[in-house]
Each structure stands twice: as C-alpha cells, then as structure tokens.
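Undergrad: So here's query_0.cif (mmCIF, C-alpha atoms).
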data_protein
#
loop_
_atom_site.group_PDB
_atom_site.id
_atom_site.type_symbol
_atom_site.label_atom_id
_atom_site.label_comp_id
_atom_site.auth_asym_id
_atom_site.auth_seq_id
_atom_site.Cartn_x
_atom_site.Cartn_y
_atom_site.Cartn_z
ATOM 1 C CA MET A 1 -81.675 -11.230 -131.858
ATOM 2 C CA PRO A 2 -78.742 -11.496 -134.311
ATOM 3 C CA ALA A 3 -79.542 -12.393 -137.895
ATOM 4 C CA PRO A 4 -78.534 -15.936 -138.912
ATOM 5 C CA ALA A 5 -75.305 -16.223 -140.859
ATOM 6 C CA GLN A 6 -75.860 -16.318 -144.594
ATOM 7 C CA PRO A 7 -74.342 -19.190 -146.602
ATOM 8 C CA PRO A 8 -71.663 -18.219 -149.124
ATOM 9 C CA ALA A 9 -72.897 -17.450 -152.627
ATOM 10 C CA PHE A 10 -70.610 -20.139 -154.030
ATOM 11 C CA SER A 11 -69.867 -23.229 -151.992
ATOM 12 C CA ILE A 12 -66.462 -24.873 -152.331
ATOM 13 C CA ALA A 13 -67.958 -27.997 -150.790
ATOM 14 C CA ALA A 14 -70.506 -28.281 -153.620
ATOM 15 C CA ILE A 15 -68.051 -28.409 -156.514
ATOM 16 C CA ASP A 16 -66.794 -31.542 -158.234
ATOM 17 C CA ALA A 17 -63.062 -31.291 -157.483
ATOM 18 C CA GLN A 18 -62.044 -33.802 -160.155
ATOM 19 C CA ARG A 19 -63.993 -31.998 -162.864
ATOM 20 C CA VAL A 20 -62.542 -28.656 -161.841
ATOM 21 C CA GLU A 21 -59.008 -30.054 -161.984
ATOM 22 C CA ASP A 22 -59.626 -31.626 -165.387
ATOM 23 C CA ALA A 23 -60.786 -28.242 -166.670
ATOM 24 C CA LEU A 24 -57.827 -26.417 -165.105
ATOM 25 C CA ALA A 25 -55.513 -28.869 -166.867
ATOM 26 C CA ARG A 26 -56.915 -27.562 -170.175
ATOM 27 C CA ILE A 27 -56.925 -23.854 -169.508
ATOM 28 C CA GLY A 28 -54.038 -23.583 -167.036
ATOM 29 C CA PRO A 29 -50.898 -24.342 -169.107
ATOM 30 C CA LYS A 30 -48.679 -21.298 -169.408
ATOM 31 C CA TRP A 31 -49.284 -19.011 -172.401
ATOM 32 C CA THR A 32 -52.750 -20.496 -173.097
ATOM 33 C CA THR A 33 -54.481 -17.353 -171.816
ATOM 34 C CA TRP A 34 -52.072 -15.140 -173.772
ATOM 35 C CA ALA A 35 -52.864 -17.014 -176.987
ATOM 36 C CA ALA A 36 -56.620 -17.001 -176.319
ATOM 37 C CA MET A 37 -56.649 -13.274 -175.593
ATOM 38 C CA THR A 38 -54.612 -12.536 -178.717
ATOM 39 C CA LEU A 39 -57.125 -14.429 -180.872
ATOM 40 C CA ALA A 40 -60.020 -12.704 -179.092
ATOM 41 C CA GLN A 41 -58.546 -9.218 -179.500
ATOM 42 C CA GLU A 42 -57.789 -9.684 -183.186
ATOM 43 C CA ASN A 43 -61.162 -11.391 -183.781
ATOM 44 C CA ARG A 44 -60.041 -13.022 -187.016
ATOM 45 C CA PRO A 45 -58.420 -16.256 -188.167
ATOM 46 C CA MET A 46 -54.697 -16.053 -187.422
ATOM 47 C CA ARG A 47 -51.777 -18.115 -188.646
ATOM 48 C CA VAL A 48 -49.121 -19.198 -186.182
ATOM 49 C CA ARG A 49 -46.743 -16.485 -187.371
ATOM 50 C CA ASP A 50 -49.435 -13.832 -186.855
ATOM 51 C CA VAL A 51 -50.050 -14.923 -183.265
ATOM 52 C CA ALA A 52 -46.294 -15.110 -182.647
ATOM 53 C CA ALA A 53 -45.902 -11.548 -183.925
ATOM 54 C CA GLN A 54 -48.221 -10.422 -181.116
ATOM 55 C CA LEU A 55 -46.230 -12.427 -178.532
ATOM 56 C CA PRO A 56 -42.641 -11.469 -179.383
ATOM 57 C CA PHE A 57 -41.253 -13.014 -176.196
ATOM 58 C CA LEU A 58 -42.137 -16.513 -177.499
ATOM 59 C CA SER A 59 -40.646 -18.374 -180.413
ATOM 60 C CA GLU A 60 -42.886 -19.081 -183.385
ATOM 61 C CA GLN A 61 -42.202 -22.782 -182.916
ATOM 62 C CA PHE A 62 -43.488 -22.699 -179.355
ATOM 63 C CA VAL A 63 -46.578 -20.696 -180.319
ATOM 64 C CA GLY A 64 -47.340 -23.361 -182.931
ATOM 65 C CA LYS A 65 -47.081 -26.106 -180.307
ATOM 66 C CA ARG A 66 -49.280 -24.199 -177.873
ATOM 67 C CA LEU A 67 -51.967 -23.619 -180.507
ATOM 68 C CA ALA A 68 -51.811 -27.290 -181.513
ATOM 69 C CA THR A 69 -52.412 -28.255 -177.875
ATOM 70 C CA MET A 70 -55.303 -25.816 -177.632
ATOM 71 C CA HIS A 71 -56.716 -27.306 -180.826
ATOM 72 C CA ALA A 72 -56.538 -30.819 -179.373
ATOM 73 C CA ASP A 73 -58.295 -29.533 -176.255
ATOM 74 C CA GLY A 74 -61.083 -27.893 -178.262
ATOM 75 C CA LEU A 75 -60.218 -24.292 -177.411
ATOM 76 C CA VAL A 76 -59.374 -23.268 -180.980
ATOM 77 C CA THR A 77 -60.458 -24.523 -184.363
ATOM 78 C CA ARG A 78 -59.170 -24.499 -187.953
ATOM 79 C CA ASP A 79 -61.096 -24.465 -191.202
ATOM 80 C CA ASP A 80 -58.965 -27.317 -192.553
ATOM 81 C CA ASP A 81 -55.910 -29.402 -191.731
ATOM 82 C CA ARG A 82 -53.577 -27.876 -194.299
ATOM 83 C CA ARG A 83 -50.143 -26.907 -193.024
ATOM 84 C CA GLY A 84 -50.268 -23.265 -192.036
ATOM 85 C CA ALA A 85 -54.072 -23.077 -191.883
ATOM 86 C CA PRO A 86 -55.146 -20.267 -189.528
ATOM 87 C CA TYR A 87 -56.649 -20.703 -186.079
ATOM 88 C CA ARG A 88 -59.612 -19.036 -184.454
ATOM 89 C CA LEU A 89 -61.230 -19.423 -181.050
ATOM 90 C CA SER A 90 -63.831 -22.178 -180.943
ATOM 91 C CA ALA A 91 -67.187 -21.723 -179.222
ATOM 92 C CA LEU A 92 -65.669 -23.456 -176.198
ATOM 93 C CA GLY A 93 -62.670 -21.120 -176.235
ATOM 94 C CA THR A 94 -64.874 -18.045 -176.570
ATOM 95 C CA SER A 95 -66.995 -19.246 -173.647
ATOM 96 C CA LEU A 96 -63.905 -18.956 -171.423
ATOM 97 C CA ALA A 97 -64.470 -15.188 -171.150
ATOM 98 C CA PRO A 98 -66.541 -15.252 -167.919
ATOM 99 C CA VAL A 99 -64.141 -17.776 -166.361
ATOM 100 C CA LEU A 100 -61.129 -15.565 -167.065
ATOM 101 C CA ARG A 101 -62.958 -12.498 -165.728
ATOM 102 C CA THR A 102 -63.798 -14.362 -162.508
ATOM 103 C CA VAL A 103 -60.213 -15.514 -162.089
ATOM 104 C CA SER A 104 -58.963 -11.973 -162.717
ATOM 105 C CA ASP A 105 -61.426 -10.485 -160.209
ATOM 106 C CA TRP A 106 -60.350 -13.004 -157.557
ATOM 107 C CA SER A 107 -56.694 -12.228 -158.206
ATOM 108 C CA ARG A 108 -57.262 -8.469 -157.944
ATOM 109 C CA ALA A 109 -59.106 -8.860 -154.652
ATOM 110 C CA TYR A 110 -56.836 -11.338 -152.897
ATOM 111 C CA LEU A 111 -53.395 -11.525 -154.512
ATOM 112 C CA PRO A 112 -51.088 -8.524 -154.009
ATOM 113 C CA GLN A 113 -49.616 -8.598 -157.491
ATOM 114 C CA GLY A 114 -49.661 -4.900 -158.322
ATOM 115 C CA ARG A 115 -50.193 -3.641 -161.848
ATOM 116 C CA MET A 116 -49.758 -6.234 -164.582
ATOM 117 C CA ALA A 117 -51.277 -7.287 -167.893
ATOM 118 C CA GLU A 118 -54.587 -9.128 -167.589
ATOM 119 C CA ALA A 119 -53.311 -12.275 -169.261
ATOM 120 C CA GLU A 120 -50.314 -12.313 -166.945
ATOM 121 C CA ARG A 121 -52.584 -11.864 -163.920
ATOM 122 C CA VAL A 122 -54.869 -14.725 -164.956
ATOM 123 C CA GLU A 123 -52.003 -17.080 -165.719
ATOM 124 C CA ASP A 124 -50.380 -16.322 -162.362
ATOM 125 C CA ALA A 125 -53.667 -17.201 -160.629
ATOM 126 C CA LEU A 126 -54.151 -20.382 -162.668
ATOM 127 C CA ARG A 127 -50.592 -21.451 -161.843
ATOM 128 C CA ARG A 128 -51.587 -21.421 -158.161
ATOM 129 C CA LEU A 129 -54.795 -23.383 -158.742
ATOM 130 C CA ARG A 130 -53.725 -25.919 -161.347
ATOM 131 C CA PRO A 131 -51.547 -28.473 -159.456
ATOM 132 C CA ARG A 132 -53.262 -31.853 -159.133
ATOM 133 C CA HIS A 133 -55.099 -32.491 -155.857
ATOM 134 C CA SER A 134 -54.860 -28.836 -154.781
ATOM 135 C CA THR A 135 -58.608 -28.419 -155.299
ATOM 136 C CA ALA A 136 -59.349 -31.455 -153.146
ATOM 137 C CA VAL A 137 -57.063 -30.194 -150.363
ATOM 138 C CA ILE A 138 -58.733 -26.761 -150.389
ATOM 139 C CA GLN A 139 -62.152 -28.415 -150.383
ATOM 140 C CA VAL A 140 -61.219 -30.505 -147.321
ATOM 141 C CA LEU A 141 -59.901 -27.468 -145.457
ATOM 142 C CA ASP A 142 -63.029 -25.484 -146.341
ATOM 143 C CA SER A 143 -65.337 -28.191 -144.983
ATOM 144 C CA GLY A 144 -63.209 -28.963 -141.912
ATOM 145 C CA GLY A 145 -64.689 -26.203 -139.798
ATOM 146 C CA GLY A 146 -61.324 -25.086 -138.453
ATOM 147 C CA PRO A 147 -57.583 -25.795 -138.401
ATOM 148 C CA MET A 148 -56.628 -29.293 -139.540
ATOM 149 C CA ARG A 149 -53.417 -31.285 -139.242
ATOM 150 C CA PHE A 150 -51.945 -32.508 -142.473
ATOM 151 C CA VAL A 151 -52.534 -36.191 -141.622
ATOM 152 C CA HIS A 152 -56.273 -35.517 -141.301
ATOM 153 C CA ILE A 153 -56.259 -33.508 -144.534
ATOM 154 C CA ALA A 154 -54.470 -36.356 -146.305
ATOM 155 C CA GLU A 155 -56.980 -38.890 -145.013
ATOM 156 C CA LYS A 156 -60.039 -36.878 -146.062
ATOM 157 C CA ALA A 157 -58.548 -35.992 -149.463
ATOM 158 C CA GLY A 158 -57.504 -39.592 -150.131
ATOM 159 C CA LEU A 159 -53.810 -38.705 -150.494
ATOM 160 C CA ASP A 160 -50.717 -40.256 -148.980
ATOM 161 C CA ASN A 161 -49.043 -38.144 -146.302
ATOM 162 C CA GLY A 162 -46.071 -37.187 -148.462
ATOM 163 C CA LEU A 163 -48.181 -35.853 -151.324
ATOM 164 C CA ALA A 164 -50.527 -34.048 -148.950
ATOM 165 C CA ARG A 165 -47.561 -32.331 -147.315
ATOM 166 C CA GLN A 166 -46.174 -31.276 -150.712
ATOM 167 C CA ARG A 167 -49.511 -29.828 -151.759
ATOM 168 C CA LEU A 168 -49.929 -27.937 -148.482
ATOM 169 C CA LEU A 169 -46.437 -26.455 -148.719
ATOM 170 C CA ARG A 170 -47.130 -25.354 -152.307
ATOM 171 C CA LEU A 171 -50.511 -23.858 -151.353
ATOM 172 C CA GLN A 172 -48.871 -22.086 -148.428
ATOM 173 C CA ALA A 173 -46.173 -20.629 -150.692
ATOM 174 C CA ASP A 174 -48.890 -19.502 -153.123
ATOM 175 C CA GLY A 175 -50.803 -17.658 -150.400
ATOM 176 C CA LEU A 176 -53.901 -19.875 -150.247
ATOM 177 C CA VAL A 177 -53.359 -21.685 -146.925
ATOM 178 C CA ALA A 178 -51.414 -20.907 -143.749
ATOM 179 C CA ARG A 179 -50.043 -22.907 -140.858
ATOM 180 C CA THR A 180 -51.317 -21.819 -137.452
ATOM 181 C CA GLY A 181 -47.887 -22.014 -135.820
ATOM 182 C CA PRO A 182 -44.191 -22.502 -136.542
ATOM 183 C CA ARG A 183 -43.950 -26.102 -135.379
ATOM 184 C CA HIS A 184 -43.798 -28.990 -137.837
ATOM 185 C CA GLY A 185 -47.127 -30.498 -136.760
ATOM 186 C CA ASP A 186 -49.135 -27.291 -136.409
ATOM 187 C CA PRO A 187 -52.451 -27.431 -138.295
ATOM 188 C CA TYR A 188 -53.362 -25.603 -141.484
ATOM 189 C CA VAL A 189 -56.216 -23.228 -142.309
ATOM 190 C CA LEU A 190 -57.469 -21.524 -145.447
ATOM 191 C CA VAL A 191 -56.605 -17.844 -145.689
ATOM 192 C CA ASP A 192 -59.038 -15.326 -147.187
ATOM 193 C CA ALA A 193 -57.821 -15.987 -150.735
ATOM 194 C CA GLY A 194 -58.503 -19.717 -150.338
ATOM 195 C CA GLN A 195 -61.895 -19.172 -148.731
ATOM 196 C CA ALA A 196 -62.936 -16.953 -151.646
ATOM 197 C CA LEU A 197 -62.284 -19.584 -154.325
ATOM 198 C CA GLY A 198 -65.887 -20.759 -154.484
ATOM 199 C CA ALA A 199 -66.786 -18.369 -157.305
ATOM 200 C CA VAL A 200 -63.704 -19.358 -159.305
ATOM 201 C CA TYR A 201 -64.305 -23.092 -158.912
ATOM 202 C CA SER A 202 -68.005 -22.737 -159.741
ATOM 203 C CA SER A 203 -67.204 -20.774 -162.884
ATOM 204 C CA VAL A 204 -64.625 -23.328 -164.025
ATOM 205 C CA GLU A 205 -66.966 -26.234 -163.299
ATOM 206 C CA HIS A 206 -69.849 -24.605 -165.184
ATOM 207 C CA TRP A 207 -67.591 -23.940 -168.191
ATOM 208 C CA SER A 208 -66.410 -27.559 -168.186
ATOM 209 C CA GLU A 209 -69.912 -29.053 -168.422
ATOM 210 C CA PRO A 210 -69.959 -29.426 -172.226
ATOM 211 C CA VAL A 211 -66.437 -30.870 -172.060
ATOM 212 C CA ALA A 212 -67.466 -33.397 -169.415
ATOM 213 C CA LEU A 213 -70.532 -34.456 -171.403
ATOM 214 C CA ARG A 214 -68.521 -34.863 -174.599
ATOM 215 C CA ARG A 215 -65.801 -36.860 -172.878
ATOM 216 C CA ALA A 216 -68.346 -39.102 -171.182
ATOM 217 C CA ALA A 217 -69.757 -39.988 -174.593
ATOM 218 C CA SER A 218 -66.387 -40.717 -176.186
ATOM 219 C CA VAL A 219 -63.300 -42.785 -175.564
ATOM 220 C CA PRO A 220 -61.367 -41.366 -172.583
ATOM 221 C CA ARG A 221 -58.315 -39.333 -173.478
ATOM 222 C CA PRO A 222 -54.868 -40.529 -172.341
ATOM 223 C CA ALA A 223 -54.097 -39.333 -168.822
ATOM 224 C CA ALA A 224 -50.895 -37.683 -170.008
ATOM 225 C CA THR A 225 -52.843 -34.966 -171.836
ATOM 226 C CA ALA A 226 -54.138 -33.638 -168.534
ATOM 227 C CA THR A 227 -50.678 -33.081 -167.094
ATOM 228 C CA ARG A 228 -48.845 -31.340 -169.886
ATOM 229 C CA SER A 229 -46.154 -28.907 -168.902
ATOM 230 C CA HIS A 230 -43.751 -26.920 -171.016
ATOM 231 C CA ALA A 231 -40.600 -25.997 -169.141
ATOM 232 C CA GLY A 232 -37.903 -23.785 -170.553
ATOM 233 C CA VAL A 233 -40.103 -21.633 -172.754
ATOM 234 C CA PRO A 234 -37.829 -19.749 -175.160
ATOM 235 C CA LEU A 235 -37.781 -16.035 -174.326
ATOM 236 C CA GLY A 236 -36.160 -13.150 -176.122
ATOM 237 C CA ALA A 237 -35.301 -9.502 -175.639
ATOM 238 C CA GLY A 238 -32.606 -7.076 -176.756
ATOM 239 C CA THR A 239 -32.697 -7.148 -180.567
ATOM 240 C CA ASP A 240 -36.430 -7.863 -180.380
ATOM 241 C CA GLY A 241 -36.930 -4.628 -178.410
ATOM 242 C CA ALA A 242 -38.451 -2.645 -181.272
ATOM 243 C CA ARG A 243 -40.772 -5.507 -182.124
ATOM 244 C CA THR A 244 -41.784 -5.874 -178.487
ATOM 245 C CA ALA A 245 -42.511 -2.156 -178.192
ATOM 246 C CA ALA A 246 -44.689 -2.314 -181.306
ATOM 247 C CA ALA A 247 -46.581 -5.277 -179.912
ATOM 248 C CA LEU A 248 -47.145 -3.378 -176.673
ATOM 249 C CA ARG A 249 -48.588 -0.412 -178.543
ATOM 250 C CA ARG A 250 -50.874 -2.621 -180.641
ATOM 251 C CA SER A 251 -52.156 -4.690 -177.737
ATOM 252 C CA ALA A 252 -52.718 -1.650 -175.504
ATOM 253 C CA ALA A 253 -54.988 -0.144 -178.143
ATOM 254 C CA ALA A 254 -56.867 -3.344 -179.006
ATOM 255 C CA PRO A 255 -60.341 -3.940 -177.523
ATOM 256 C CA ASN A 256 -60.128 -6.536 -174.777
ATOM 257 C CA VAL A 257 -63.174 -8.754 -175.279
ATOM 258 C CA MET A 258 -61.999 -11.483 -172.898
ATOM 259 C CA PHE A 259 -62.314 -9.190 -169.876
ATOM 260 C CA SER A 260 -64.688 -6.598 -168.530
ATOM 261 C CA HIS A 261 -61.845 -4.508 -167.080
ATOM 262 C CA ALA A 262 -60.160 -1.683 -168.966
ATOM 263 C CA PRO A 263 -57.480 -3.025 -171.297
ATOM 264 C CA GLN A 264 -53.990 -3.131 -169.793
ATOM 265 C CA PRO A 265 -50.789 -2.861 -171.815
ATOM 266 C CA GLN A 266 -49.849 -6.364 -172.859
ATOM 267 C CA PRO A 267 -47.859 -8.322 -173.352
ATOM 268 C CA ARG A 268 -45.591 -6.985 -170.580
ATOM 269 C CA VAL A 269 -42.167 -8.540 -170.728
ATOM 270 C CA PRO A 270 -40.936 -9.223 -167.164
ATOM 271 C CA ALA A 271 -37.890 -7.189 -166.161
ATOM 272 C CA ALA A 272 -35.854 -10.308 -165.456
ATOM 273 C CA VAL A 273 -36.507 -11.498 -168.980
ATOM 274 C CA ALA A 274 -35.716 -8.136 -170.569
ATOM 275 C CA ALA A 275 -32.346 -8.118 -168.829
ATOM 276 C CA GLN A 276 -31.246 -11.387 -170.409
ATOM 277 C CA PRO A 277 -28.996 -11.383 -173.513
ATOM 278 C CA ALA A 278 -30.934 -11.909 -176.716
ATOM 279 C CA PRO A 279 -30.777 -15.401 -178.205
ATOM 280 C CA GLY A 280 -32.810 -14.288 -181.196
ATOM 281 C CA ARG A 281 -36.375 -15.050 -182.089
ATOM 282 C CA GLY A 282 -35.995 -18.807 -181.647
ATOM 283 C CA ARG A 283 -33.517 -20.352 -179.226
#
What does the file become when written as structure tokens?
TA:
Amino acid sequence: MPAPAQPPAFSIAAIDAQRVEDALARIGPKWTTWAAMTLAQENRPMRVRDVAAQLPFLSEQFVGKRLATMHADGLVTRDDDRRGAPYRLSALGTSLAPVLRTVSDWSRAYLPQGRMAEAERVEDALRRLRPRHSTAVIQVLDSGGGPMRFVHIAEKAGLDNGLARQRLLRLQADGLVARTGPRHGDPYVLVDAGQALGAVYSSVEHWSEPVALRRAASVPRPAATATRSHAGVPLGAGTDGARTAAALRRSAAAPNVMFSHAPQPQPRVPAAVAAQPAPGRGR
C-alpha cells in the first residue's frame, strides 16, 4: 500500500498574500539588500559617504536617498537627526538575515543565474517576487489543482482580466509560471520555482509580523510608500575602476553575517555597466 502524500513543509495557500506583498515593498527596492549587507558586514555606524565608498557603482546622492527610505521603513536607525549622522541596521533590519538566506537558497535551487554576488542574487529574486498582485496570482495557481485559464485566475485573485494577463506574462518571463501551450487561451501552471515559494513567503510573512502589528496600532502610511521605484540609478565605471577594485577586495574579505553561505566577491559590477563611458561619481 503506497504511503500517503506528505503535505508541503510550507503552504503557499496558508500565507497572507497582502501582508507578504507589503513586506516585499519594503525590502524589495533595488539596492536595499546591498545597503543592508554593507552595514551588516561593517558592523558599525556608517555615514552616507562611507556606505557609498563600499558601493562605488552608485552615486553618494542616491545612497543617501536609499538609506533615508530604509530609515522611514524602519530597516536602519540613526542616533540623532543631525545632517550627516551615521546609520546602522535596526533590530528589524538585522532580523532580515534569515529572510535573505531563504531567498538566496531558493534562487540557488531554482533560478539558473550562475555565479554572482549574494546581494545581487537576492535582489534579482526579489525583483521577480515584488510586483503587486504577483503573490495572489501564484497563490491562486498553487491552490487550483492544475492548469488554469487566465480568466479564472483573474476571477479568483480579484483582478481585472488585463491586469491578470500582465502579471501572468511577467511571471512567465521571470520563470515562475508557464503556459501549457502556444495558443493565446492556453492555461497556465506553476513551474517548480513557483511551487517552491512557500518557504520564501512564510519567511517574509514571519519577518513582517512586528511591522504589521506596529502599523495596525498607528495611522496607516500613505499608499505611495509601498510602491516606490527608483529608475535610472546612476552608475559609473572607467575612472572609478581603481576604487571599484578596492571595494571588491574589501567586500570579498569581509565576514558576511547576512548569509550562511561563503562570502562571494561583491559588489560585482555587471559587464554591461563596466563597458559604459564613465560619467563620474555622480551623474
């Protein structure tokens, strides 16, 4: 007699999709993981210019804006509000460590990204998970018991057909869902990477519990803060090459307390960025 199938260790159906997406809106913006890992590796209060020196592919102005956003979201703290006061990870920011490890482990197992810096790997994974309503769509597909047409997914997720189609196309491009055939109306299914997201979602939801409790007891934040995006991040190479190389050597040798894996050289400047003409440290 065959043994009964065992339930998954982490159920996608059991998570609160809205809470997960609210948390991903805090930790998912690009360069947040880089900044958090820099603060964790240095393990000391750092001024904006000190963090920027460790991330030579970003302008100091942008690093300041990113840290200010992280401060508003409770991920970093400052001893006072004086201009130039240093930042350090808050208790909430430090508690991200198991979340980032889980995201990294999922990426290593299911996303064929090759060798890359840990922060880059995590941010690539969060980019795939962060778009609004993606969690709800994945949850619907997971509980559907088989292939589903997009109109049924839209209905169960509470989305209009156009938005549901956009989300499914994005999830398909990101390697989390697949269409069962080439025709326009062919149904969608979760691929292995999507089916394995239970551990990631559970970790994010557990981390967000103190945030959810604090927000429930206070005035709700403006909706716009949950959908921040920063396009056109200033990047540099060329004349910053020596500085970049020094940053690579420092970060490769630094203990990586945000992850359980062996430290990887970081930051790694993408080849496409390194090939661009240098605009200087700022723009």
Undergrad: Might you spell out which residues the PyMOL selection byres ((chain A and resi 72-79) around 8) would select in the displayed file, as a ChimeraX atom specification?
TA: /A:26,67-71,80-81,85-94
Undergrad: So that I can check the surroundings of range 138-151 of chain A, please list as a PDB file with C-alpha atoms, in the coordinates of the input every protein, DNA and RNA residue that reaches within 6 Å of it, counting only C-alpha atoms and ignoring chain neighbours fewer than 4 positions away.
TA:
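Final file, selection-v4.pdb:
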ATOM      1  CA  ILE A  12     -66.462 -24.873-152.331  1.00  0.00           C
ATOM      2  CA  ALA A  13     -67.958 -27.997-150.790  1.00  0.00           C
ATOM      3  CA  PRO A 187     -52.451 -27.431-138.295  1.00  0.00           C
ATOM      4  CA  TYR A 188     -53.362 -25.603-141.484  1.00  0.00           C
ATOM      5  CA  VAL A 189     -56.216 -23.228-142.309  1.00  0.00           C
TER       6      VAL A 189
END
Undergrad: Using all atoms listed in the file, determine which residues lie at most 9 Å from range 100-114 of chain A, disregarding the query and same-chain residues fewer than 3 positions distant; provide the list as a PDB file with C-alpha atoms, keeping the file's coordinate frame.
TA:
ATOM      1  CA  THR A  33     -54.481 -17.353-171.816  1.00  0.00           C
ATOM      2  CA  LEU A  96     -63.905 -18.956-171.423  1.00  0.00           C
ATOM      3  CA  ALA A  97     -64.470 -15.188-171.150  1.00  0.00           C
ATOM      4  CA  GLU A 118     -54.587  -9.128-167.589  1.00  0.00           C
ATOM      5  CA  ALA A 119     -53.311 -12.275-169.261  1.00  0.00           C
ATOM      6  CA  ARG A 121     -52.584 -11.864-163.920  1.00  0.00           C
ATOM      7  CA  VAL A 122     -54.869 -14.725-164.956  1.00  0.00           C
ATOM      8  CA  ASP A 124     -50.380 -16.322-162.362  1.00  0.00           C
ATOM      9  CA  ALA A 125     -53.667 -17.201-160.629  1.00  0.00           C
ATOM     10  CA  LEU A 126     -54.151 -20.382-162.668  1.00  0.00           C
ATOM     11  CA  GLY A 175     -50.803 -17.658-150.400  1.00  0.00           C
ATOM     12  CA  ASP A 192     -59.038 -15.326-147.187  1.00  0.00           C
ATOM     13  CA  ALA A 193     -57.821 -15.987-150.735  1.00  0.00           C
ATOM     14  CA  GLY A 194     -58.503 -19.717-150.338  1.00  0.00           C
ATOM     15  CA  ALA A 196     -62.936 -16.953-151.646  1.00  0.00           C
ATOM     16  CA  LEU A 197     -62.284 -19.584-154.325  1.00  0.00           C
ATOM     17  CA  ALA A 199     -66.786 -18.369-157.305  1.00  0.00           C
ATOM     18  CA  VAL A 200     -63.704 -19.358-159.305  1.00  0.00           C
ATOM     19  CA  SER A 203     -67.204 -20.774-162.884  1.00  0.00           C
ATOM     20  CA  MET A 258     -61.999 -11.483-172.898  1.00  0.00           C
ATOM     21  CA  PHE A 259     -62.314  -9.190-169.876  1.00  0.00           C
ATOM     22  CA  SER A 260     -64.688  -6.598-168.530  1.00  0.00           C
ATOM     23  CA  HIS A 261     -61.845  -4.508-167.080  1.00  0.00           C
TER      24      HIS A 261
END
Undergrad: With the PyMOL selection byres ((chain A and resi 168) around 9) as the selection, what would be picked from this file? Answer as a list in words, please.
TA: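 This file gives the following for the PyMOL selection byres ((chain A and resi 168) around 9): Ser134, Val137, Phe150, Leu163, Ala164, Arg165, Gln166, Arg167, Leu169, Arg170, Leu171, Gln172, Ala173, Val177, Ala178 and Tyr188 of chain A.
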Undergrad: Grab the CA of Pro29 in chain A to CA of Lys65 in chain A distance for me, in Å with one decimal place.
TA: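 Atom-to-atom, CA of Pro29 in chain A and CA of Lys65 in chain A are spaced 12.0 Å apart.
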Undergrad: Tell me which of A:Arg49, A:Arg127, A:Arg82, A:His184 sits closest to Ile27 in chain A, counting only C-alpha atoms.
TA: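 The answer is A:Arg127, which sits nearest to Ile27 in chain A.
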Undergrad: Can you work out the spacing between CA of Val204 in chain A and CA of Leu159 in chain A in Å, to one decimal?
TA: 23.2 Å
Undergrad: Figure out the distance between CA of Glu123 in chain A and CA of Thr32 in chain A, please, to one decimal in Å.
TA: 8.2 Å
Undergrad: Quick one: of A:Val99, A:Gln18, A:Arg130, A:Met46, who's nearest to Trp207 in chain A, counting only C-alpha atoms?
TA: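 So, comparing all the options, the nearest one is A:Val99.
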